[in-house]
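Enquirer: Next comes entry_0.cif, mmCIF, C-alpha atoms and all ligand atoms:
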```cif
data_final
#
loop_
_atom_site.label_atom_id
_atom_site.label_comp_id
_atom_site.auth_asym_id
_atom_site.auth_seq_id
_atom_site.Cartn_x
_atom_site.Cartn_y
_atom_site.Cartn_z
CA MET A 1 18.08 -0.98 -4.86
CA TRP A 2 18.75 0.67 -1.49
CA ASP A 3 22.05 2.28 -0.48
CA ARG A 4 22.52 0.19 2.63
CA LEU A 5 20.92 -2.72 4.41
CA LEU A 6 21.88 -3.27 8.04
CA ILE A 7 21.30 -6.89 9.02
CA ASP A 8 21.68 -9.23 11.99
CA CYS A 9 20.86 -6.64 14.63
CA ASN A 10 18.46 -6.07 17.52
CA VAL A 11 16.72 -2.74 17.28
CA ALA A 12 15.17 -0.41 19.84
CA THR A 13 12.95 1.47 17.42
CA MET A 14 11.66 3.83 20.17
CA GLU A 15 8.24 3.46 18.58
CA PRO A 16 6.49 2.10 21.69
CA ARG A 17 4.03 -0.78 21.60
CA ALA A 18 1.80 -2.05 24.40
CA GLY A 19 4.08 -3.42 27.13
CA ASP A 20 7.19 -2.55 25.12
CA PRO A 21 8.28 1.07 25.62
CA LEU A 22 11.37 0.62 23.43
CA GLY A 23 9.56 -1.00 20.47
CA VAL A 24 12.17 -3.76 20.33
CA MET A 25 12.66 -5.82 17.20
CA THR A 26 15.06 -8.76 17.32
CA ASN A 27 16.76 -10.35 14.27
CA ALA A 28 15.98 -7.16 12.44
CA ALA A 29 17.15 -5.39 9.32
CA ILE A 30 17.09 -1.69 8.41
CA GLY A 31 16.99 -0.40 4.83
CA ILE A 32 18.57 3.01 4.12
CA GLN A 33 18.22 5.19 1.03
CA ASP A 34 19.35 8.81 0.54
CA GLY A 35 20.16 9.20 4.23
CA ARG A 36 16.72 8.08 5.37
CA ILE A 37 15.26 4.89 6.74
CA VAL A 38 13.08 3.28 4.10
CA ARG A 39 12.15 0.07 5.85
CA ILE A 40 12.60 -1.61 9.21
CA GLY A 41 11.50 -5.17 9.82
CA LYS A 42 12.47 -8.71 10.65
CA ARG A 43 15.44 -9.92 8.61
CA THR A 44 13.16 -12.50 6.99
CA GLU A 45 10.66 -9.81 5.93
CA LEU A 46 13.39 -7.83 4.20
CA ALA A 47 14.99 -10.87 2.56
CA GLY A 48 13.85 -9.92 -0.94
CA PHE A 49 15.34 -6.42 -0.90
CA ARG A 50 18.73 -5.54 -2.33
CA ALA A 51 21.22 -2.86 -1.36
CA THR A 52 24.53 -1.59 -2.67
CA GLU A 53 26.07 -2.39 0.70
CA VAL A 54 24.92 -5.04 3.14
CA VAL A 55 26.24 -4.41 6.66
CA PRO A 56 26.19 -7.40 9.05
CA LEU A 57 26.11 -6.22 12.66
CA ASP A 58 26.67 -9.58 14.40
CA GLY A 59 23.82 -9.26 16.87
CA ALA A 60 24.61 -5.70 18.03
CA TRP A 61 21.91 -3.38 19.38
CA VAL A 62 20.82 -0.45 17.23
CA THR A 63 19.18 2.64 18.72
CA PRO A 64 18.35 5.99 17.18
CA GLY A 65 21.37 8.30 17.30
CA LEU A 66 21.34 10.10 20.64
CA ILE A 67 19.90 13.60 20.82
CA ASP A 68 21.38 16.06 23.30
CA CYS A 69 18.53 18.56 23.49
CA HIS A 70 20.07 21.07 25.94
CA THR A 71 23.67 22.28 25.71
CA HIS A 72 25.62 25.52 25.95
CA LEU A 73 28.48 24.15 23.87
CA VAL A 74 29.94 27.35 22.40
CA PHE A 75 31.75 29.62 24.86
CA GLY A 76 35.11 31.22 25.59
CA GLY A 77 37.44 29.99 28.35
CA ASP A 78 36.27 27.61 31.03
CA ARG A 79 35.42 27.85 34.72
CA ALA A 80 37.70 25.28 36.28
CA ASP A 81 38.61 27.95 38.87
CA GLU A 82 35.01 28.07 40.10
CA HIS A 83 34.99 24.33 40.43
CA ALA A 84 37.76 24.86 42.97
CA MET A 85 35.79 27.69 44.69
CA ARG A 86 32.77 25.47 45.03
CA ARG A 87 34.89 22.75 46.56
CA ALA A 88 35.92 25.38 49.13
CA GLY A 89 32.25 25.91 49.99
CA ALA A 90 30.98 28.74 47.75
CA SER A 91 27.44 28.33 46.37
CA TYR A 92 26.31 29.02 42.79
CA GLU A 93 24.66 32.22 44.10
CA ASP A 94 27.86 33.26 45.99
CA ILE A 95 29.91 32.84 42.81
CA ALA A 96 27.39 34.75 40.71
CA LYS A 97 27.31 37.63 43.21
CA ALA A 98 31.16 37.74 43.22
CA GLY A 99 31.17 38.43 39.46
CA GLY A 100 31.89 34.84 38.54
CA GLY A 101 29.45 32.45 37.01
CA ILE A 102 27.86 33.27 33.70
CA ALA A 103 29.27 36.84 33.72
CA SER A 104 32.87 35.60 33.61
CA THR A 105 32.09 33.36 30.64
CA VAL A 106 30.39 36.30 28.91
CA ALA A 107 33.61 38.34 29.21
CA LYS A 108 35.77 35.48 27.89
CA THR A 109 33.32 34.74 25.09
CA ARG A 110 33.16 38.33 23.91
CA ALA A 111 36.99 38.43 23.90
CA ALA A 112 37.39 35.17 21.95
CA SER A 113 37.78 35.12 18.17
CA ALA A 114 35.20 33.29 16.05
CA THR A 115 37.88 30.73 15.14
CA ASP A 116 38.66 30.04 18.80
CA LEU A 117 34.98 29.74 19.68
CA ILE A 118 34.45 27.19 16.92
CA SER A 119 37.59 25.16 17.56
CA SER A 120 37.06 24.87 21.32
CA ALA A 121 33.40 23.94 20.83
CA ARG A 122 34.40 21.40 18.18
CA ARG A 123 36.46 19.48 20.73
CA ARG A 124 33.46 19.26 23.05
CA LEU A 125 31.18 18.37 20.16
CA HIS A 126 33.51 15.52 19.17
CA ALA A 127 33.25 14.12 22.71
CA LEU A 128 29.44 14.14 22.52
CA MET A 129 29.54 12.56 19.06
CA ALA A 130 31.90 9.83 20.26
CA GLY A 131 29.28 9.13 22.93
CA GLY A 132 26.65 8.50 20.24
CA VAL A 133 25.14 11.96 19.68
CA THR A 134 23.83 12.66 16.17
CA THR A 135 21.77 15.78 17.01
CA VAL A 136 22.78 18.50 19.43
CA GLU A 137 20.98 21.63 20.51
CA ILE A 138 23.33 24.56 21.13
CA LYS A 139 22.17 27.63 23.03
CA SER A 140 23.72 31.04 22.78
CA GLY A 141 23.55 33.15 25.93
CA TYR A 142 27.18 34.13 26.54
CA GLY A 143 27.15 37.06 24.13
CA LEU A 144 24.22 39.05 25.53
CA ASP A 145 24.26 41.66 22.82
CA THR A 146 22.89 41.17 19.34
CA ALA A 147 26.24 40.96 17.53
CA ASN A 148 27.74 38.49 20.01
CA GLU A 149 24.64 36.31 20.25
CA MET A 150 24.71 36.13 16.45
CA ARG A 151 28.39 35.21 16.56
CA LEU A 152 27.62 32.29 18.90
CA LEU A 153 24.72 31.04 16.78
CA ASN A 154 26.81 31.38 13.63
CA ALA A 155 29.55 29.32 15.32
CA ALA A 156 26.96 26.65 16.14
CA LYS A 157 25.74 26.71 12.54
CA ALA A 158 29.32 26.39 11.24
CA LEU A 159 29.83 23.30 13.40
CA GLY A 160 26.69 21.75 11.94
CA LYS A 161 28.09 22.33 8.47
CA SER A 162 31.60 21.02 9.11
CA GLU A 163 30.76 18.01 11.31
CA PRO A 164 28.53 15.00 10.63
CA VAL A 165 25.95 16.03 13.20
CA ARG A 166 22.68 17.98 13.20
CA VAL A 167 22.93 21.24 15.13
CA VAL A 168 19.84 23.06 16.39
CA GLY A 169 20.40 26.66 17.44
CA THR A 170 18.51 28.26 20.34
CA LEU A 171 18.69 31.94 21.25
CA LEU A 172 19.19 32.06 25.03
CA ALA A 173 18.53 35.78 25.20
CA LEU A 174 17.74 36.13 28.89
CA HIS A 175 20.58 34.13 30.45
CA ALA A 176 22.22 36.79 32.61
CA LEU A 177 22.17 40.57 32.74
CA PRO A 178 25.22 41.86 30.82
CA PRO A 179 27.45 44.28 32.79
CA GLU A 180 26.64 47.29 30.56
CA PHE A 181 22.98 46.92 31.60
CA ALA A 182 23.74 46.30 35.30
CA ASP A 183 21.27 48.89 36.61
CA ARG A 184 18.98 48.88 33.59
CA ARG A 185 17.21 45.54 33.56
CA ASP A 186 14.23 46.91 31.73
CA ASP A 187 16.37 48.41 28.99
CA TYR A 188 18.10 45.08 28.44
CA VAL A 189 14.82 43.19 28.07
CA LYS A 190 13.57 45.94 25.76
CA MET A 191 16.71 45.64 23.60
CA VAL A 192 16.25 41.86 23.40
CA VAL A 193 12.59 42.22 22.44
CA ASP A 194 12.97 45.12 19.99
CA GLU A 195 16.33 44.32 18.43
CA MET A 196 17.84 40.93 19.22
CA ILE A 197 14.87 38.63 18.57
CA PRO A 198 13.90 40.29 15.26
CA ALA A 199 17.53 40.11 14.06
CA ILE A 200 17.98 36.45 14.98
CA ALA A 201 14.60 35.51 13.50
CA LYS A 202 15.43 37.33 10.28
CA ALA A 203 18.82 35.60 10.02
CA GLY A 204 17.20 32.20 10.64
CA LEU A 205 19.82 31.34 13.23
CA ALA A 206 17.53 29.84 15.87
CA THR A 207 14.27 27.93 16.00
CA SER A 208 13.57 28.69 19.65
CA VAL A 209 14.12 31.36 22.26
CA ASP A 210 15.11 30.43 25.81
CA ALA A 211 15.50 32.18 29.16
CA PHE A 212 16.72 31.51 32.69
CA CYS A 213 13.87 32.19 35.10
CA ASP A 214 15.08 32.31 38.70
CA THR A 215 15.88 34.65 41.59
CA ILE A 216 19.46 35.16 40.33
CA ALA A 217 18.33 35.55 36.72
CA PHE A 218 15.06 36.84 35.20
CA THR A 219 11.54 37.26 36.58
CA PRO A 220 8.46 35.57 35.13
CA HIS A 221 7.28 39.01 33.99
CA GLU A 222 10.51 39.60 32.02
CA VAL A 223 10.33 36.10 30.58
CA GLU A 224 6.77 36.69 29.46
CA ARG A 225 7.83 39.79 27.49
CA LEU A 226 10.46 37.61 25.79
CA PHE A 227 8.00 34.82 25.03
CA ARG A 228 5.51 37.25 23.53
CA ALA A 229 8.17 38.68 21.21
CA ALA A 230 9.40 35.19 20.25
CA SER A 231 5.87 34.10 19.35
CA GLU A 232 5.35 37.24 17.27
CA HIS A 233 8.45 36.32 15.25
CA GLY A 234 7.40 32.71 14.73
CA LEU A 235 9.93 31.26 17.15
CA ARG A 236 9.12 28.52 19.67
CA VAL A 237 10.07 28.93 23.33
CA LYS A 238 11.89 26.93 25.99
CA LEU A 239 12.67 27.79 29.60
CA HIS A 240 15.25 27.08 32.31
CA ALA A 241 12.59 26.71 34.98
CA GLU A 242 12.37 25.81 38.65
CA GLN A 243 16.07 24.95 38.96
CA LEU A 244 16.97 26.76 42.18
CA SER A 245 13.54 27.92 43.33
CA ASN A 246 9.88 27.73 42.28
CA GLN A 247 8.99 30.75 40.15
CA SER A 248 6.05 29.00 38.43
CA GLY A 249 8.11 29.24 35.26
CA ALA A 250 6.92 25.88 33.96
CA GLY A 251 3.31 27.08 34.02
CA LEU A 252 4.30 30.25 32.18
CA ALA A 253 6.22 28.21 29.60
CA ALA A 254 3.21 25.96 29.11
CA GLN A 255 1.00 29.00 28.55
CA TYR A 256 3.22 29.83 25.53
CA ARG A 257 3.18 26.20 24.38
CA ALA A 258 6.88 25.83 25.11
CA LEU A 259 8.68 22.91 23.51
CA SER A 260 10.29 22.20 26.86
CA ALA A 261 10.81 23.36 30.41
CA ASP A 262 14.22 22.34 31.67
CA HIS A 263 15.77 21.48 35.11
CA LEU A 264 12.50 21.44 37.17
CA GLU A 265 13.94 20.43 40.55
CA HIS A 266 11.37 22.73 42.25
CA LEU A 267 8.43 21.99 39.94
CA ASP A 268 5.04 21.82 41.66
CA GLU A 269 1.92 19.91 40.68
CA ALA A 270 0.21 22.85 39.00
CA GLY A 271 3.29 23.30 36.80
CA ALA A 272 3.39 19.62 35.90
CA ARG A 273 -0.30 19.66 35.03
CA ALA A 274 0.12 22.73 32.82
CA MET A 275 3.06 21.08 31.03
CA ALA A 276 0.99 17.94 30.40
CA GLU A 277 -1.82 20.00 28.89
CA SER A 278 0.46 21.93 26.54
CA GLY A 279 2.62 18.94 25.59
CA THR A 280 5.71 20.66 27.01
CA VAL A 281 8.57 18.18 27.50
CA ALA A 282 10.34 18.02 30.88
CA VAL A 283 14.08 18.09 30.18
CA LEU A 284 16.00 16.75 33.18
CA LEU A 285 19.64 17.78 33.58
CA PRO A 286 21.32 15.52 36.11
CA GLY A 287 24.80 16.87 35.27
CA ALA A 288 23.92 20.26 36.81
CA PHE A 289 22.27 18.62 39.80
CA TYR A 290 25.42 16.55 40.31
CA ALA A 291 27.95 19.35 39.75
CA LEU A 292 26.06 21.73 42.06
CA GLN A 293 25.60 18.95 44.60
CA GLU A 294 21.92 19.77 44.82
CA THR A 295 19.71 17.73 47.10
CA ARG A 296 16.24 18.47 45.76
CA LYS A 297 15.40 16.16 42.87
CA PRO A 298 12.93 16.86 40.10
CA PRO A 299 9.56 15.24 40.87
CA VAL A 300 9.88 12.33 38.45
CA GLN A 301 6.89 10.40 39.82
CA MET A 302 4.70 13.50 39.48
CA LEU A 303 5.81 13.87 35.86
CA ARG A 304 4.93 10.22 35.21
CA ASP A 305 1.56 10.58 36.95
CA GLN A 306 0.75 13.61 34.78
CA SER A 307 2.02 11.85 31.62
CA VAL A 308 4.59 14.57 30.93
CA ARG A 309 7.20 13.36 28.46
CA ILE A 310 10.68 13.26 30.02
CA ALA A 311 13.92 14.02 28.18
CA VAL A 312 17.50 13.91 29.46
CA ALA A 313 20.38 16.12 28.32
CA THR A 314 23.96 16.90 29.29
CA ASP A 315 23.40 20.67 29.77
CA CYS A 316 27.08 20.82 28.74
CA ASN A 317 28.25 24.25 29.94
CA PRO A 318 31.39 25.68 31.52
CA GLY A 319 29.96 26.45 34.95
CA THR A 320 27.33 24.14 36.29
CA SER A 321 27.50 21.05 34.08
CA PRO A 322 30.81 20.38 32.35
CA LEU A 323 29.42 17.05 31.16
CA LEU A 324 30.70 15.64 27.87
CA SER A 325 29.12 12.20 27.87
CA PRO A 326 25.52 11.42 26.85
CA THR A 327 25.74 7.91 28.28
CA LEU A 328 26.88 9.34 31.61
CA ALA A 329 23.89 11.71 31.48
CA MET A 330 21.67 8.64 31.12
CA ASN A 331 23.42 6.90 34.00
CA LEU A 332 23.09 9.98 36.23
CA ALA A 333 19.40 10.32 35.32
CA CYS A 334 18.91 6.73 36.52
CA THR A 335 21.07 6.80 39.65
CA LEU A 336 20.31 10.35 40.84
CA PHE A 337 16.73 10.89 39.65
CA GLY A 338 15.40 7.32 39.57
CA LEU A 339 14.61 7.07 35.87
CA THR A 340 14.42 3.56 34.51
CA PRO A 341 17.00 2.71 31.82
CA GLU A 342 14.12 2.69 29.30
CA GLU A 343 13.06 6.19 30.37
CA ALA A 344 16.64 7.42 30.13
CA LEU A 345 16.98 6.07 26.60
CA ALA A 346 13.63 7.58 25.54
CA GLY A 347 14.92 10.77 27.16
CA MET A 348 17.85 10.97 24.78
CA THR A 349 15.97 9.81 21.68
CA ILE A 350 12.27 10.27 20.97
CA ASN A 351 11.48 12.62 23.86
CA ALA A 352 14.54 14.74 23.13
CA ALA A 353 13.31 15.02 19.53
CA LEU A 354 9.97 16.28 20.87
CA ALA A 355 11.81 18.82 23.03
CA LEU A 356 13.32 20.22 19.82
CA GLY A 357 10.14 20.00 17.75
CA LEU A 358 11.87 17.50 15.45
CA GLU A 359 9.90 14.37 16.26
CA LYS A 360 8.78 13.93 12.65
CA ASP A 361 12.39 13.74 11.49
CA ILE A 362 14.48 12.09 14.20
CA GLY A 363 14.28 10.27 17.54
CA SER A 364 13.01 6.87 16.46
CA ILE A 365 13.73 4.24 13.84
CA ALA A 366 10.85 4.38 11.42
CA PRO A 367 10.39 4.70 7.65
CA GLY A 368 10.88 8.29 6.49
CA LYS A 369 13.01 9.37 9.42
CA ALA A 370 16.68 10.31 9.13
CA ALA A 371 19.02 7.31 9.24
CA ASP A 372 20.80 8.60 12.36
CA LEU A 373 21.73 5.51 14.34
CA ALA A 374 23.99 4.23 17.08
CA VAL A 375 25.24 0.64 17.07
CA TRP A 376 26.06 -0.69 20.53
CA ARG A 377 28.06 -3.82 21.33
CA LEU A 378 26.02 -4.61 24.46
CA GLU A 379 24.17 -7.66 25.78
CA SER A 380 21.16 -5.56 26.77
CA LEU A 381 20.11 -1.94 26.42
CA ALA A 382 19.78 -1.64 30.20
CA GLU A 383 23.57 -1.33 30.08
CA LEU A 384 23.15 2.16 28.62
CA GLY A 385 21.93 3.45 31.99
CA TYR A 386 24.14 1.11 33.97
CA TRP A 387 27.78 1.74 33.10
CA ILE A 388 29.36 4.81 34.64
CA GLY A 389 31.46 6.15 31.78
CA LEU A 390 30.45 3.87 28.92
CA PRO A 391 32.71 4.94 26.04
CA GLY A 392 30.04 5.18 23.35
CA PRO A 393 28.73 3.14 20.45
CA GLU A 394 30.75 0.85 18.23
CA ARG A 395 29.42 2.67 15.18
CA ARG A 396 27.71 5.97 14.77
CA ILE A 397 25.68 6.43 11.62
CA PHE A 398 24.66 9.92 10.51
CA ALA A 399 22.32 10.40 7.55
CA GLY A 400 22.96 6.79 6.58
CA LEU A 401 26.77 6.94 6.64
CA ASP A 402 29.29 5.82 9.25
CA ALA A 403 30.65 8.98 10.77
ZN ZN A 501 21.11 25.27 30.48
#
```
What does the file become when written as structure tokens?

Expert:
Amino acid sequence: MWDRLLIDCNVATMEPRAGDPLGVMTNAAIGIQDGRIVRIGKRTELAGFRATEVVPLDGAWVTPGLIDCHTHLVFGGDRADEHAMRRAGASYEDIAKAGGGIASTVAKTRAASATDLISSARRRLHALMAGGVTTVEIKSGYGLDTANEMRLLNAAKALGKSEPVRVVGTLLALHALPPEFADRRDDYVKMVVDEMIPAIAKAGLATSVDAFCDTIAFTPHEVERLFRAASEHGLRVKLHAEQLSNQSGAGLAAQYRALSADHLEHLDEAGARAMAESGTVAVLLPGAFYALQETRKPPVQMLRDQSVRIAVATDCNPGTSPLLSPTLAMNLACTLFGLTPEEALAGMTINAALALGLEKDIGSIAPGKAADLAVWRLESLAELGYWIGLPGPERRIFAGLDA
């Protein structure tokens, strides 16, 4: 006797078959027990099974719950003022050099109480969940000292405990240089390597370490010191790479078997090839491209040619991507970057799971995986990349329960 049996639905399992990237199953049924999928098949194949609750879905589409694999959800204040500055012509670099940008969020974050950090992030998290998200990655990176980075990751962890959603914490240690280290770059990196990473690893607050590799952020050499320390402490790595310029960050990330390299507008062929060889996922962030009004797009065709897996995320953050809708991220990935609707959906399900190293647990609808599902009242799944501002699924199921 199962807990639940979902019937009368069409399912995008995201377990691809030849000629069918979505692994579609029509007239399907899904058996759920103890928060996990126990069986998926044609309704007729599952006819003999019983469940405490049978849930008829009247022909709706079921997809895996959406996975937002790159966010900066926990921070103090917002940067609506910079939005206005940018409209008046200032660039991201101009704002950063004028003491705005990440530095202003760092100041507001350090000044905010833990309660305020959690409650403001909860509002944003609820928006993502309403859009169909069942797993969200949350990066730190606005604390920039060990105590404050821990505070941010603890806030993320608290949200995962209080809300029906899976939260994955990432230590974004090299995001910006904090003001107290303004003329001591080396000392900051040394502090991160010697103190911050060991402390976070010991507390079990993050599974990966991330950095921002660019001319206005950190050099490949500094990033490599970080990656080496992360690896020594058993943490995986990720990288904000090739967003504003080509620093060959993707190749460096691949060398350390990074889970993902993210942004990639300036990625070159050598970088794409290295990512393919190391299985590093390309996480595309069309919200930042849109908000910054960038013109150079990530080389999607090159990624396809090299068979690099492509994920899509909101990059929800106060400065460069105040995006609160996963379905809008999918639409932007299609309209701005030329992804197909199927690629966009894979980008927020199975490939996003890979980008978090959680592909054994989530990202597709298969026996043994978590019963994290989204039920969409749509004629076709192409609508997921089509509507601009689709409100979200009719039902959102987390660990087998409507939530
Ligand atoms: Zn980011």

Enquirer: Counting all atoms listed in the file, what residues are within 7 Å of ligand ZN 501 (chain A), given as a PDB file with C-alpha atoms, keeping the file's coordinate frame?

Expert:
```pdb
ATOM      1  CA  HIS A  70      20.070  21.070  25.940  1.00  0.00           C
ATOM      2  CA  THR A  71      23.670  22.280  25.710  1.00  0.00           C
ATOM      3  CA  HIS A  72      25.620  25.520  25.950  1.00  0.00           C
ATOM      4  CA  HIS A 240      15.250  27.080  32.310  1.00  0.00           C
ATOM      5  CA  ASP A 315      23.400  20.670  29.770  1.00  0.00           C
TER       6      ASP A 315
END
```

Enquirer: Determine the nearest neighbour of Ile7 of chain A from the options A:Leu323, A:Leu22, A:Ala201, A:Val375, counting all atoms listed in the file.

Expert: A:Val375

Enquirer: Identify, on the basis of only C-alpha atoms, every residue whose closest approach to Ile397 of chain A does not exceed 7 Å; exclude the query and any residue fewer than 3 positions from it along the same chain; express the result as a compact mmCIF listing (two decimals) with C-alpha atoms, in the coordinates of the input.

Expert:
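selection.txt written:
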```txt
# COMPACT_ATOMS: atom_id res chain seq x y z
CA ASP A 372 20.80 8.60 12.36
CA LEU A 373 21.73 5.51 14.34
CA ALA A 374 23.99 4.23 17.08
CA GLY A 400 22.96 6.79 6.58
CA LEU A 401 26.77 6.94 6.64
CA ASP A 402 29.29 5.82 9.25
CA ALA A 403 30.65 8.98 10.77
```

Enquirer: What lies within 9 Å of Leu384 of chain A using only C-alpha atoms, ignoring chain neighbours under 5 positions off, as a PyMOL selection string?

Expert: chain A and resi 327-328+330-331+341+344-345+378+390

Enquirer: Show which residues sit within 12 Å of Glu53 of chain A, as a PyMOL selection string. Count all atoms listed in the file, and ignore same-chain residues fewer than 5 positions away.

Expert: chain A and resi 1-7+30-33+400-401

Enquirer: May I ask which of the residues A:Thr320, A:Leu267, A:Ala112, A:Ile118 is the closest one to Ile95 of chain A, counting only C-alpha atoms?

Expert: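 That would be A:Thr320, the residue with the smallest distance to Ile95 of chain A.
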
Enquirer: Pick from A:Phe398, A:Phe212, A:Phe181, A:Phe49: nearest to Leu226 of chain A, with all atoms listed in the file counted?

Expert: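 Looking only at the distances to Leu226 of chain A, the closest residue turns out to be A:Phe212.
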
Enquirer: What's the 6 Å shell around segment 35-41 of chain A, counting all atoms listed in the file, without same-chain residues fewer than 5 positions away, as a PyMOL selection string?

Expert: chain A and resi 28-30+367-371+399-400

Enquirer: Around (20.8, 16.3, 44.2) in the file's frame, which residues reach within 12 Å when counting all atoms listed in the file? Return as a CSV table (one decimal) with C-alpha atoms, in the frame of the given file?

Expert:
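Final file, point_38.csv:
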```csv
chain,number,residue,atom,x,y,z
A,243,GLN,CA,16.1,25.0,39.0
A,244,LEU,CA,17.0,26.8,42.2
A,263,HIS,CA,15.8,21.5,35.1
A,265,GLU,CA,13.9,20.4,40.6
A,266,HIS,CA,11.4,22.7,42.2
A,285,LEU,CA,19.6,17.8,33.6
A,286,PRO,CA,21.3,15.5,36.1
A,287,GLY,CA,24.8,16.9,35.3
A,288,ALA,CA,23.9,20.3,36.8
A,289,PHE,CA,22.3,18.6,39.8
A,290,TYR,CA,25.4,16.6,40.3
A,291,ALA,CA,28.0,19.4,39.8
A,292,LEU,CA,26.1,21.7,42.1
A,293,GLN,CA,25.6,19.0,44.6
A,294,GLU,CA,21.9,19.8,44.8
A,295,THR,CA,19.7,17.7,47.1
A,296,ARG,CA,16.2,18.5,45.8
A,297,LYS,CA,15.4,16.2,42.9
A,298,PRO,CA,12.9,16.9,40.1
A,299,PRO,CA,9.6,15.2,40.9
A,332,LEU,CA,23.1,10.0,36.2
A,333,ALA,CA,19.4,10.3,35.3
A,335,THR,CA,21.1,6.8,39.6
A,336,LEU,CA,20.3,10.4,40.8
A,337,PHE,CA,16.7,10.9,39.6
A,338,GLY,CA,15.4,7.3,39.6
```

Enquirer: Taking all atoms listed in the file into account, which of A:His221, A:Arg396, A:Arg184, A:Lys139 comes nearest Cys69 of chain A?

Expert: A:Lys139

Enquirer: Counting all atoms listed in the file, figure out which residue out of A:Pro393, A:Arg225, A:Ala250, A:Ser260 gets nearest to Leu381 of chain A.

Expert: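 Closest residue, counting all atoms listed in the file: A:Pro393.
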
Enquirer: Between atom CA of Thr26 of chain A and atom CA of Val136 of chain A, what is the distance, to one decimal in Å?

Expert: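 For atom CA of Thr26 of chain A relative to atom CA of Val136 of chain A, the distance reads 28.4 Å.
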